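S.K.: Submitted below is the structure of interest, expressed as structure tokens.
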Amino acid sequence: MTMSRYTSIAVSGPLRRTFTYRVPSGFGNLLPGQRVLVPFGRSRKVGFLLGDTKPPADVHIKDIIRPIDIESRFCNELFRFCLWMADYYFANPADCLMAALPPAFKKNIEPRYLWSDSGPGSLPDSMKSLYKRGGKLTRKSIEKIEAEHPDLLSELLNETTITEHWPEDQTEPQRQVEGYRAAAREIWDRHFERRKQSFSRFDDVRSRARLRSEGWTDYHIRTAANNGALEPVYAEGSAPILDFIEPRENLRGLILNPEQQVAFRAVEQNLSEGFKPFLLHGVTGSGKTIVYCHICREAVRRGKTALVLTPEIALTSTTLAYFRGFFGDRVTVIHSAMTDRERLDSWRGIQKGEFNIVLGPRSAIFAPLTNLGVIIVDEEHDGSYKQDDPAPRFHGRDSAIMRAKMANVPVVLGSASPSMESFHHAREGRYRLLRLTQRPKGASLPVVRIVDMKTDRLRGDLPYLSYSLKKAVQARLMKNEQVILYLNRRGHSPQLKCVECGLVSKCPNCRVNLTYHRVGGKLSCHYCGHMLGRYDRCPSCGGHDFLYLGVGTQKVEENIPRLFEGVTAVRLDSDSASGRKKAYQILTGFASGSSNMLLGTQMVTKGLDLPNVTLVGVLSADQSLDWPDFRASEKAFARLLQVAGRSGRSENPGEVFIQTYYPEHEVVCDAARQDYDGFFDREIASRKDLSYPPFTRLVNFVLSGSKEDKLRAESLDFRSRLSETINRSAVKATVLGPAPCPMYRLRGRYRRHLFIKTAQIVKFVRGLYEWESRESRFKLPSSIRLTVDVDPDDMM
């Protein structure tokens with residue numbers, strides 16, 4: 001007698017638990033990581049097989065409906081890494097495994113339903129008109145059947161009135177339409193004969209853009225294609241991945257300077273010695289990227305693969321240009337700005353071994369690389385490595401360290417302003433510290449000047465600019481050199497006030513001022529996306545005159561022509577750089593000299609190598625200094641140091657102006673001296689006194705609800721039960737809160753949070769799992785949402 005096999009299945013959802021199912025005998029040897037379709041309540045869901053388990057006693061165990069994947073999509077090392085991530089970050093294993101797959105695998109897994117030839121069966125008389133012998137059931141028909149009775153569809157399937165058909169492979173994204181061809185004259189005329197607007201038939205293939213230029217709308221194109229009057233022409237094969245990013249030239253012949261050689265040799269000697277963390281602390285412009293290239297080249301020479309993480313998509317593009325110059329088509333990239341087709345082609349190419357170097361932001365940590373040789377995390381201090389929403393809320397840098405440990409390979413963390421945690425570990429000997437203290441080719445660090453805006457600012461409507469910076473910019477432009485102006489606030493004006501009644505429009509969902517954007521004349525909330533378009537009339541009094549208070553990048557851009565002669569400025573922020581190509585095109589255009597001034601948000605602060613930039617102006621150094629965040633000083637220092645490093649990266653000496661109302665602030669002075677060690681010594685002492693990371697770990701519990709009083713009561717009750725759980729598990733931990741979040745109302749919900757400080761983070765999270773298994777959703781009502789963020793970066 002064959003013993004039944006039972007497996008543990010993870011299903012996406014709010015419950016961080018697994019479910020037991022029986023494997024029917026005809027399914028063969030299902031492997032960990034394979035996706036399967038399982039019955040889940042009255043619905044069906046996709047789950048991930050985690051491994052064999054023993055069935056619980058006295059419980060009816062359901063059967064797996066069918067496998068979805070022919071084989072597991074995960075190698076053993078990546079599968080174990082995803083399960084570690086779920087355990088450490090208190091996440092659903094299904095969410096972690098799903099995050100490791102390209103979008104083509106994440107679309108709904110749905111069968112086609114067909115009517116059989118045997119008649120309508122038990123279909124109620126009122127619904128027999130739906131029956132079409134041998135025909136396909138439409139979505140509308142299925143909804144009507146399910147509305148009639150929740151179990152009716154299952155009954156019709158069991159009696160084979162309806163048959164279910166599953167496609168063999170559901171991972172192919174839609175083919176890319178490159179144009180349209182006109183159908184035969186008869187079909188064309190029949191389509192347009194009763195329509196108000198008609199178009200002349202054509203014989204060539206025309207793109208969507210060309211049809212639009214000839215008066216076609218998207219509706220015209222869609223209906224003509226649906227009726228057969230337009231025939232889509234599909235692109236043949238797979239286009240090269242991000243083929244618009246050109247490789248940097250003349251990189252392979254670059255010789256490492258003595259400091260770079262020392263750093264490279266240190267990592268090279270450990271490539272075959274197992275796990276070892278390195279911290280590469282190099283001043284801005286010291287050539288860390290070239291060191292990364294040499295490390296990866298050595299790993300590839302030994303038959304290994306390499307993973308390189310960058311903090312943002314825009315920086316990934318510039319790094320990809322470097323690596324393409326070094327490795328050609330052996331390198332690929334993974335990030336969310338790629339099309340579904342590109343991401344699938346890249347993922348498959350990595351699996352097949354066509355690429356042995358992978359670049360990308362935090363999501364690239366899931367790259368299906370085998371035979372991994374080294375992991376590199378560039379700008380490891382950057383907060384964008386932390387995933388805030390949706391789950392899993394992992395940290396890309398810390399996850400990279402763990403993946404390297406599980407693969408038993410070295411990991412290199414690089415930065416000009418290392419995180420407090422990483423530099424502390426290096427000081428304590430847990431990481432090996434490597435330093436690059438000089439810029440190559442004789443380039444020197446820029447001279448940094450602090451400008452006191454209390455005495456030096458321009459008057460009138462230009463208070464965000466000082467006389468000193470204006471004079472310096474004009475001098476650099478007259479020498480045909482380039483300038484970067486940095487302001488970490490996009491939009492035109494943070495407030496728009498009616499002159500007649502004083503109304504300042506606020507977001508109804510978040511209770512923050514709406515930001516005015518000149519393009520489109522709209523007001524927008526940068527937190528939830530709420531928008532008021534064409535805002536040219538006060539909704540309160542009907543007035544048309546407004547005060548544009550505060551300053552954003554659009555307002556600065558608007559005033560640049562009247563401030564500087566001979567300026568050609570380009571703006572780089574998330575508004576101007578939307579789309580997959582725009583940021584790269586802006587940066588390459590600026591690097592080629594098509595403009596002489598680059599204005600932007602934090603997108604201009606890191607990783608850019610622009611040799612002709614000799615002046616950087618920080619328009620406001622004060623924006624983040626007063627945030628209610630224990631990392632505020634660290635983040636402000638890093639941004640100032642990083643943006644200052646864009647200046648003077650060639651033989652022309654560089655200069656930096658930092659405008660501030662706090663010219664004696666310690667952070668500003670440290671950044672001006674470019675004194676990382678001095679800043680670290682003072683900041684680490686404060687962290688130790690207050691028991692903040694790296695001396696403890698944090699967990700942030702955020703509770704939200706639409707009713708303020710109920711949220712306050714539930715958060716106090718949750719704190720009480722959380723304290724009981726901590727006492728029961730004998731974990732040493734401190735509970736802070738609950739208190740209102742600094743962003744108290746967000747997307748229509750009130751928010752309160754609690755913090756846990758503990759040095760026993762693994763034990764604490766294990767206790768959370770045990771608590772949730774006893775009390776589903778921690779006994780919180782459905783109106784209260786709970787987010788658990790381990791090692792949070794965003795404290796707002």
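Residue numbering restarts at 1 in every chain; chains get A, B, ... in the order shown in the structure tokens, and ligands count up from 1 in that same order.
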Hey, could you make a per-residue contact list for region 84-195 of chain A against region 741-764 of chain A with 10 Å as the cut-off, showing the nearest pair of atoms and its distance in Å to one decimal, counting only C-alpha atoms, sorted by chain and number, as a Markdown table?
M.R.:
| residue | atom | partner | partner_atom | distance |
| --- | --- | --- | --- | --- |
| A:Asp87 | CA | A:Val762 | CA | 8.4 |
| A:Tyr88 | CA | A:Val762 | CA | 6.6 |
| A:Tyr89 | CA | A:Val762 | CA | 9.4 |
| A:Phe90 | CA | A:Val762 | CA | 9.9 |
S.K.: Name the residues in contact with Pro55 (chain A) at a cut-off of 9 Å, using only C-alpha atoms, excluding same-chain residues fewer than 4 positions from it; report them as a list in words.
M.R.: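 After dropping sequence-adjacent residues, the list is Tyr6, Thr7, Thr20, Tyr21, Arg22, Val59 and Ile61 of chain A.
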S.K.: Let's have the selection written as a PDB file, in the first residue's frame, with N, CA and C atoms.
M.R.:
ATOM      1  N   TYR A   6       2.283  14.149   2.199  1.00  0.00           N
ATOM      2  CA  TYR A   6       1.709  15.425   2.610  1.00  0.00           C
ATOM      3  C   TYR A   6       2.798  16.501   2.546  1.00  0.00           C
ATOM      4  N   THR A   7       2.396  17.673   2.084  1.00  0.00           N
ATOM      5  CA  THR A   7       3.370  18.750   1.926  1.00  0.00           C
ATOM      6  C   THR A   7       2.874  20.036   2.591  1.00  0.00           C
ATOM      7  N   THR A  20      -1.254  22.488   5.077  1.00  0.00           N
ATOM      8  CA  THR A  20      -0.917  21.118   4.710  1.00  0.00           C
ATOM      9  C   THR A  20      -1.887  20.597   3.657  1.00  0.00           C
ATOM     10  N   TYR A  21      -1.343  20.004   2.595  1.00  0.00           N
ATOM     11  CA  TYR A  21      -2.138  19.387   1.535  1.00  0.00           C
ATOM     12  C   TYR A  21      -1.574  18.007   1.206  1.00  0.00           C
ATOM     13  N   ARG A  22      -2.447  17.149   0.659  1.00  0.00           N
ATOM     14  CA  ARG A  22      -2.007  15.824   0.205  1.00  0.00           C
ATOM     15  C   ARG A  22      -1.628  15.896  -1.270  1.00  0.00           C
ATOM     16  N   VAL A  59      -7.924  16.070  11.196  1.00  0.00           N
ATOM     17  CA  VAL A  59      -8.240  17.191  10.307  1.00  0.00           C
ATOM     18  C   VAL A  59      -8.333  16.660   8.884  1.00  0.00           C
ATOM     19  N   ILE A  61      -7.677  16.651   5.215  1.00  0.00           N
ATOM     20  CA  ILE A  61      -6.620  17.253   4.391  1.00  0.00           C
ATOM     21  C   ILE A  61      -7.072  17.249   2.934  1.00  0.00           C
TER      22      ILE A  61
END
S.K.: Find the spatial neighbours of Ala632 (chain A), counting only C-alpha atoms, within a cut-off of 12 Å - ignore same-chain residues fewer than 6 positions away - and output them as a ChimeraX atom specification.
M.R.: /A:383,622-626,638-639,667,683,793-796
S.K.: Could you dump the residues just selected with N, CA and C atoms as a PDB file, in the first residue's frame?
M.R.:
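Final output, saved to again37.pdb:
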ATOM      1  N   GLY A 383      19.404  54.498   1.898  1.00  0.00           N
ATOM      2  CA  GLY A 383      18.140  54.033   2.455  1.00  0.00           C
ATOM      3  C   GLY A 383      17.228  53.345   1.464  1.00  0.00           C
ATOM      4  N   ASP A 622      19.294  72.213   5.127  1.00  0.00           N
ATOM      5  CA  ASP A 622      18.593  72.107   6.412  1.00  0.00           C
ATOM      6  C   ASP A 622      17.359  71.213   6.379  1.00  0.00           C
ATOM      7  N   GLN A 623      16.949  70.769   5.188  1.00  0.00           N
ATOM      8  CA  GLN A 623      15.638  70.141   5.056  1.00  0.00           C
ATOM      9  C   GLN A 623      15.458  68.923   5.946  1.00  0.00           C
ATOM     10  N   SER A 624      16.480  68.083   6.082  1.00  0.00           N
ATOM     11  CA  SER A 624      16.295  66.824   6.807  1.00  0.00           C
ATOM     12  C   SER A 624      16.931  66.825   8.193  1.00  0.00           C
ATOM     13  N   LEU A 625      17.533  67.939   8.612  1.00  0.00           N
ATOM     14  CA  LEU A 625      18.248  67.943   9.888  1.00  0.00           C
ATOM     15  C   LEU A 625      17.313  67.800  11.087  1.00  0.00           C
ATOM     16  N   ASP A 626      16.082  68.277  10.959  1.00  0.00           N
ATOM     17  CA  ASP A 626      15.164  68.294  12.099  1.00  0.00           C
ATOM     18  C   ASP A 626      14.104  67.203  12.044  1.00  0.00           C
ATOM     19  N   ALA A 638      25.318  62.090   4.824  1.00  0.00           N
ATOM     20  CA  ALA A 638      25.610  61.283   3.637  1.00  0.00           C
ATOM     21  C   ALA A 638      25.229  62.023   2.361  1.00  0.00           C
ATOM     22  N   ARG A 639      24.071  62.681   2.362  1.00  0.00           N
ATOM     23  CA  ARG A 639      23.642  63.395   1.157  1.00  0.00           C
ATOM     24  C   ARG A 639      24.585  64.561   0.837  1.00  0.00           C
ATOM     25  N   VAL A 667      26.719  68.653  11.831  1.00  0.00           N
ATOM     26  CA  VAL A 667      26.620  67.824  10.625  1.00  0.00           C
ATOM     27  C   VAL A 667      27.096  68.604   9.408  1.00  0.00           C
ATOM     28  N   GLU A 683      28.599  60.559  16.381  1.00  0.00           N
ATOM     29  CA  GLU A 683      27.281  59.943  16.209  1.00  0.00           C
ATOM     30  C   GLU A 683      27.206  58.585  16.891  1.00  0.00           C
ATOM     31  N   ASP A 793      13.880  51.546   8.237  1.00  0.00           N
ATOM     32  CA  ASP A 793      14.656  52.726   7.844  1.00  0.00           C
ATOM     33  C   ASP A 793      13.794  53.979   7.893  1.00  0.00           C
ATOM     34  N   ASP A 794      12.518  53.847   7.538  1.00  0.00           N
ATOM     35  CA  ASP A 794      11.583  54.971   7.539  1.00  0.00           C
ATOM     36  C   ASP A 794      10.882  55.028   8.884  1.00  0.00           C
ATOM     37  N   MET A 795      11.112  56.078   9.630  1.00  0.00           N
ATOM     38  CA  MET A 795      10.518  56.221  10.964  1.00  0.00           C
ATOM     39  C   MET A 795       9.287  57.112  10.937  1.00  0.00           C
ATOM     40  N   MET A 796       8.836  57.526   9.754  1.00  0.00           N
ATOM     41  CA  MET A 796       7.754  58.504   9.657  1.00  0.00           C
ATOM     42  C   MET A 796       6.376  57.836   9.697  1.00  0.00           C
TER      43      MET A 796
END
S.K.: Apply DSSP to the structure's backbone, then extract all residues of region 577-718 of chain A labelled strand (DSSP E) and return them as a list in words.
M.R.: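 Residues of region 577-718 of chain A classed as strand (DSSP E): Met597, Leu598, Leu599, Gly600, Val613, Thr614, Leu615, Val616, Gly617, Val618, Glu655, Val656, Phe657, Ile658, Gln659, Thr660, Arg697, Leu698, Val699, Asn700, Phe701, Val702, Leu703, Ser704 and Gly705 of chain A.
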S.K.: For the selection just defined, write its residues with N, CA, C and O atoms to a file, as an mmCIF file, in the first residue's frame.
M.R.:
data_model
loop_
_atom_site.group_PDB
_atom_site.id
_atom_site.type_symbol
_atom_site.label_atom_id
_atom_site.label_comp_id
_atom_site.auth_asym_id
_atom_site.auth_seq_id
_atom_site.Cartn_x
_atom_site.Cartn_y
_atom_site.Cartn_z
ATOM 1 N N MET A 597 24.169 73.097 -16.939
ATOM 2 C CA MET A 597 23.701 73.086 -15.556
ATOM 3 C C MET A 597 22.726 71.929 -15.364
ATOM 4 O O MET A 597 21.807 71.735 -16.169
ATOM 5 N N LEU A 598 22.938 71.158 -14.302
ATOM 6 C CA LEU A 598 22.051 70.059 -13.930
ATOM 7 C C LEU A 598 21.429 70.401 -12.581
ATOM 8 O O LEU A 598 22.138 70.613 -11.593
ATOM 9 N N LEU A 599 20.107 70.462 -12.554
ATOM 10 C CA LEU A 599 19.362 70.769 -11.341
ATOM 11 C C LEU A 599 18.576 69.532 -10.952
ATOM 12 O O LEU A 599 17.895 68.947 -11.801
ATOM 13 N N GLY A 600 18.654 69.118 -9.691
ATOM 14 C CA GLY A 600 17.913 67.910 -9.352
ATOM 15 C C GLY A 600 17.789 67.652 -7.876
ATOM 16 O O GLY A 600 18.334 68.369 -7.025
ATOM 17 N N VAL A 613 32.162 68.815 -14.322
ATOM 18 C CA VAL A 613 31.466 69.516 -13.236
ATOM 19 C C VAL A 613 32.502 70.018 -12.240
ATOM 20 O O VAL A 613 33.244 69.238 -11.643
ATOM 21 N N THR A 614 32.554 71.315 -12.068
ATOM 22 C CA THR A 614 33.529 71.911 -11.141
ATOM 23 C C THR A 614 32.868 72.682 -10.009
ATOM 24 O O THR A 614 33.567 73.206 -9.140
ATOM 25 N N LEU A 615 31.535 72.765 -10.025
ATOM 26 C CA LEU A 615 30.837 73.468 -8.951
ATOM 27 C C LEU A 615 29.540 72.743 -8.625
ATOM 28 O O LEU A 615 28.768 72.395 -9.522
ATOM 29 N N VAL A 616 29.323 72.520 -7.335
ATOM 30 C CA VAL A 616 28.062 71.970 -6.839
ATOM 31 C C VAL A 616 27.498 72.965 -5.834
ATOM 32 O O VAL A 616 28.211 73.426 -4.928
ATOM 33 N N GLY A 617 26.220 73.297 -6.004
ATOM 34 C CA GLY A 617 25.547 74.173 -5.057
ATOM 35 C C GLY A 617 24.431 73.439 -4.354
ATOM 36 O O GLY A 617 23.517 72.920 -5.004
ATOM 37 N N VAL A 618 24.494 73.351 -3.026
ATOM 38 C CA VAL A 618 23.429 72.758 -2.218
ATOM 39 C C VAL A 618 22.520 73.900 -1.798
ATOM 40 O O VAL A 618 22.903 74.747 -0.969
ATOM 41 N N GLU A 655 34.634 72.901 -6.509
ATOM 42 C CA GLU A 655 34.195 73.776 -5.430
ATOM 43 C C GLU A 655 32.757 73.406 -5.079
ATOM 44 O O GLU A 655 31.969 73.013 -5.950
ATOM 45 N N VAL A 656 32.411 73.532 -3.793
ATOM 46 C CA VAL A 656 31.067 73.207 -3.323
ATOM 47 C C VAL A 656 30.591 74.328 -2.410
ATOM 48 O O VAL A 656 31.346 74.782 -1.531
ATOM 49 N N PHE A 657 29.336 74.785 -2.623
ATOM 50 C CA PHE A 657 28.719 75.776 -1.748
ATOM 51 C C PHE A 657 27.530 75.112 -1.049
ATOM 52 O O PHE A 657 26.621 74.600 -1.719
ATOM 53 N N ILE A 658 27.546 75.119 0.288
ATOM 54 C CA ILE A 658 26.445 74.564 1.078
ATOM 55 C C ILE A 658 25.692 75.730 1.709
ATOM 56 O O ILE A 658 26.218 76.416 2.595
ATOM 57 N N GLN A 659 24.464 75.978 1.258
ATOM 58 C CA GLN A 659 23.635 77.057 1.805
ATOM 59 C C GLN A 659 22.848 76.536 3.005
ATOM 60 O O GLN A 659 22.194 75.505 2.916
ATOM 61 N N THR A 660 22.906 77.256 4.110
ATOM 62 C CA THR A 660 22.249 76.795 5.328
ATOM 63 C C THR A 660 21.921 77.975 6.231
ATOM 64 O O THR A 660 22.591 79.012 6.179
ATOM 65 N N ARG A 697 18.635 46.170 17.941
ATOM 66 C CA ARG A 697 17.839 46.056 16.721
ATOM 67 C C ARG A 697 16.459 46.634 17.003
ATOM 68 O O ARG A 697 15.974 46.601 18.149
ATOM 69 N N LEU A 698 15.818 47.151 15.958
ATOM 70 C CA LEU A 698 14.493 47.755 16.092
ATOM 71 C C LEU A 698 13.456 46.958 15.320
ATOM 72 O O LEU A 698 13.750 46.387 14.263
ATOM 73 N N VAL A 699 12.239 46.946 15.842
ATOM 74 C CA VAL A 699 11.070 46.462 15.120
ATOM 75 C C VAL A 699 9.995 47.532 15.260
ATOM 76 O O VAL A 699 9.711 47.992 16.375
ATOM 77 N N ASN A 700 9.424 47.936 14.141
ATOM 78 C CA ASN A 700 8.407 48.989 14.132
ATOM 79 C C ASN A 700 7.052 48.358 13.846
ATOM 80 O O ASN A 700 6.857 47.745 12.792
ATOM 81 N N PHE A 701 6.125 48.468 14.795
ATOM 82 C CA PHE A 701 4.746 48.006 14.596
ATOM 83 C C PHE A 701 3.894 49.233 14.273
ATOM 84 O O PHE A 701 3.781 50.145 15.104
ATOM 85 N N VAL A 702 3.296 49.280 13.086
ATOM 86 C CA VAL A 702 2.442 50.389 12.693
ATOM 87 C C VAL A 702 1.009 49.886 12.592
ATOM 88 O O VAL A 702 0.717 48.977 11.805
ATOM 89 N N LEU A 703 0.125 50.454 13.426
ATOM 90 C CA LEU A 703 -1.294 50.116 13.382
ATOM 91 C C LEU A 703 -2.030 51.278 12.734
ATOM 92 O O LEU A 703 -1.741 52.442 13.018
ATOM 93 N N SER A 704 -2.990 50.973 11.872
ATOM 94 C CA SER A 704 -3.744 52.039 11.200
ATOM 95 C C SER A 704 -5.222 51.679 11.160
ATOM 96 O O SER A 704 -5.596 50.501 11.145
ATOM 97 N N GLY A 705 -6.040 52.719 11.153
ATOM 98 C CA GLY A 705 -7.481 52.518 11.089
ATOM 99 C C GLY A 705 -8.170 53.804 10.674
ATOM 100 O O GLY A 705 -7.601 54.898 10.755
#
S.K.: Enumerate the residues of region 414-527 of chain A with a DSSP assignment of helix (DSSP H, G or I), computed from the backbone, and present them as a PyMOL selection string.
M.R.: chain A and resi 420-427+440-442+453-456+467-478
S.K.: Using only C-alpha atoms, determine which residues lie at most 12 Å from Ser594 (chain A), disregarding the query and same-chain residues fewer than 4 positions distant; provide the list as a PyMOL selection string.
M.R.: chain A and resi 480-482+567-570+585-590+598
S.K.: What would the file look like if the residues just selected were written as a compact mmCIF listing (two decimals), in the first residue's frame with all heavy atoms?
M.R.:
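again17.txt written:
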# COMPACT_ATOMS: atom_id res chain seq x y z
N ASN A 480 33.11 77.81 -19.37
CA ASN A 480 32.59 76.63 -20.07
C ASN A 480 32.69 75.37 -19.23
O ASN A 480 32.89 74.26 -19.75
CB ASN A 480 33.30 76.43 -21.42
CG ASN A 480 32.99 77.53 -22.41
OD1 ASN A 480 31.84 77.99 -22.48
ND2 ASN A 480 33.99 77.97 -23.15
N GLU A 481 32.56 75.52 -17.93
CA GLU A 481 32.51 74.38 -17.02
C GLU A 481 31.05 74.13 -16.62
O GLU A 481 30.17 74.96 -16.87
CB GLU A 481 33.40 74.65 -15.80
CG GLU A 481 34.86 74.76 -16.18
CD GLU A 481 35.75 75.25 -15.05
OE1 GLU A 481 35.21 75.58 -13.96
OE2 GLU A 481 36.98 75.31 -15.25
N GLN A 482 30.80 72.98 -16.00
CA GLN A 482 29.42 72.59 -15.68
C GLN A 482 29.15 72.71 -14.19
O GLN A 482 30.05 72.63 -13.36
CB GLN A 482 29.16 71.16 -16.16
CG GLN A 482 29.13 71.02 -17.67
CD GLN A 482 28.88 69.59 -18.10
OE1 GLN A 482 29.61 68.68 -17.71
NE2 GLN A 482 27.84 69.37 -18.91
N VAL A 567 23.09 80.18 -19.83
CA VAL A 567 22.85 78.90 -19.17
C VAL A 567 21.90 78.04 -20.01
O VAL A 567 20.95 78.53 -20.62
CB VAL A 567 22.27 79.11 -17.76
CG1 VAL A 567 20.86 79.70 -17.83
CG2 VAL A 567 22.24 77.82 -16.97
N THR A 568 22.19 76.76 -20.08
CA THR A 568 21.27 75.77 -20.64
C THR A 568 21.10 74.70 -19.57
O THR A 568 22.00 73.89 -19.33
CB THR A 568 21.83 75.14 -21.93
OG1 THR A 568 23.15 74.66 -21.69
CG2 THR A 568 21.87 76.15 -23.05
N ALA A 569 19.98 74.74 -18.88
CA ALA A 569 19.77 73.89 -17.71
C ALA A 569 18.86 72.71 -18.03
O ALA A 569 17.97 72.81 -18.87
CB ALA A 569 19.17 74.71 -16.57
N VAL A 570 19.10 71.60 -17.33
CA VAL A 570 18.24 70.43 -17.43
C VAL A 570 17.93 69.97 -16.02
O VAL A 570 18.76 70.08 -15.11
CB VAL A 570 18.93 69.31 -18.26
CG1 VAL A 570 20.21 68.85 -17.58
CG2 VAL A 570 17.99 68.15 -18.50
N GLN A 585 19.01 59.26 -20.42
CA GLN A 585 19.18 60.23 -21.51
C GLN A 585 19.55 61.61 -20.97
O GLN A 585 20.39 62.31 -21.56
CB GLN A 585 17.88 60.31 -22.32
CG GLN A 585 17.60 59.05 -23.14
CD GLN A 585 16.23 59.06 -23.77
OE1 GLN A 585 15.33 59.80 -23.33
NE2 GLN A 585 16.03 58.24 -24.78
N ILE A 586 18.96 62.02 -19.84
CA ILE A 586 19.29 63.31 -19.25
C ILE A 586 20.76 63.33 -18.83
O ILE A 586 21.50 64.28 -19.11
CB ILE A 586 18.37 63.61 -18.05
CG1 ILE A 586 16.93 63.90 -18.54
CG2 ILE A 586 18.88 64.80 -17.24
CD1 ILE A 586 15.92 64.02 -17.42
N LEU A 587 21.20 62.27 -18.16
CA LEU A 587 22.57 62.23 -17.66
C LEU A 587 23.60 62.13 -18.78
O LEU A 587 24.63 62.81 -18.75
CB LEU A 587 22.73 61.05 -16.69
CG LEU A 587 22.01 61.21 -15.34
CD1 LEU A 587 22.07 59.91 -14.55
CD2 LEU A 587 22.61 62.35 -14.54
N THR A 588 23.32 61.30 -19.79
CA THR A 588 24.28 61.18 -20.89
C THR A 588 24.32 62.47 -21.71
O THR A 588 25.38 62.88 -22.18
CB THR A 588 23.93 59.99 -21.80
OG1 THR A 588 22.55 60.07 -22.20
CG2 THR A 588 24.16 58.68 -21.08
N GLY A 589 23.16 63.14 -21.86
CA GLY A 589 23.15 64.42 -22.55
C GLY A 589 23.95 65.48 -21.81
O GLY A 589 24.73 66.23 -22.41
N PHE A 590 23.79 65.52 -20.49
CA PHE A 590 24.55 66.48 -19.69
C PHE A 590 26.05 66.16 -19.74
O PHE A 590 26.89 67.05 -19.88
CB PHE A 590 24.05 66.45 -18.24
CG PHE A 590 24.74 67.41 -17.33
CD1 PHE A 590 24.55 68.78 -17.46
CD2 PHE A 590 25.58 66.96 -16.33
CE1 PHE A 590 25.19 69.68 -16.62
CE2 PHE A 590 26.22 67.84 -15.47
CZ PHE A 590 26.03 69.21 -15.62
N LEU A 598 22.94 71.16 -14.30
CA LEU A 598 22.05 70.06 -13.93
C LEU A 598 21.43 70.40 -12.58
O LEU A 598 22.14 70.61 -11.59
CB LEU A 598 22.83 68.74 -13.84
CG LEU A 598 22.05 67.50 -13.39
CD1 LEU A 598 20.97 67.14 -14.41
CD2 LEU A 598 22.99 66.32 -13.19
S.K.: May I ask for the distance between CA of Val409 (chain A) and CA of Phe323 (chain A), given in Å to one decimal place?
M.R.: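 Interatomic distance, CA of Val409 (chain A) to CA of Phe323 (chain A): 20.8 Å.
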S.K.: Here is a test: counting only C-alpha atoms, which residue of A:Ile784, A:Leu230, A:Ile241, A:Ala104 is nearest to Glu708 (chain A)?
M.R.: A:Ile784
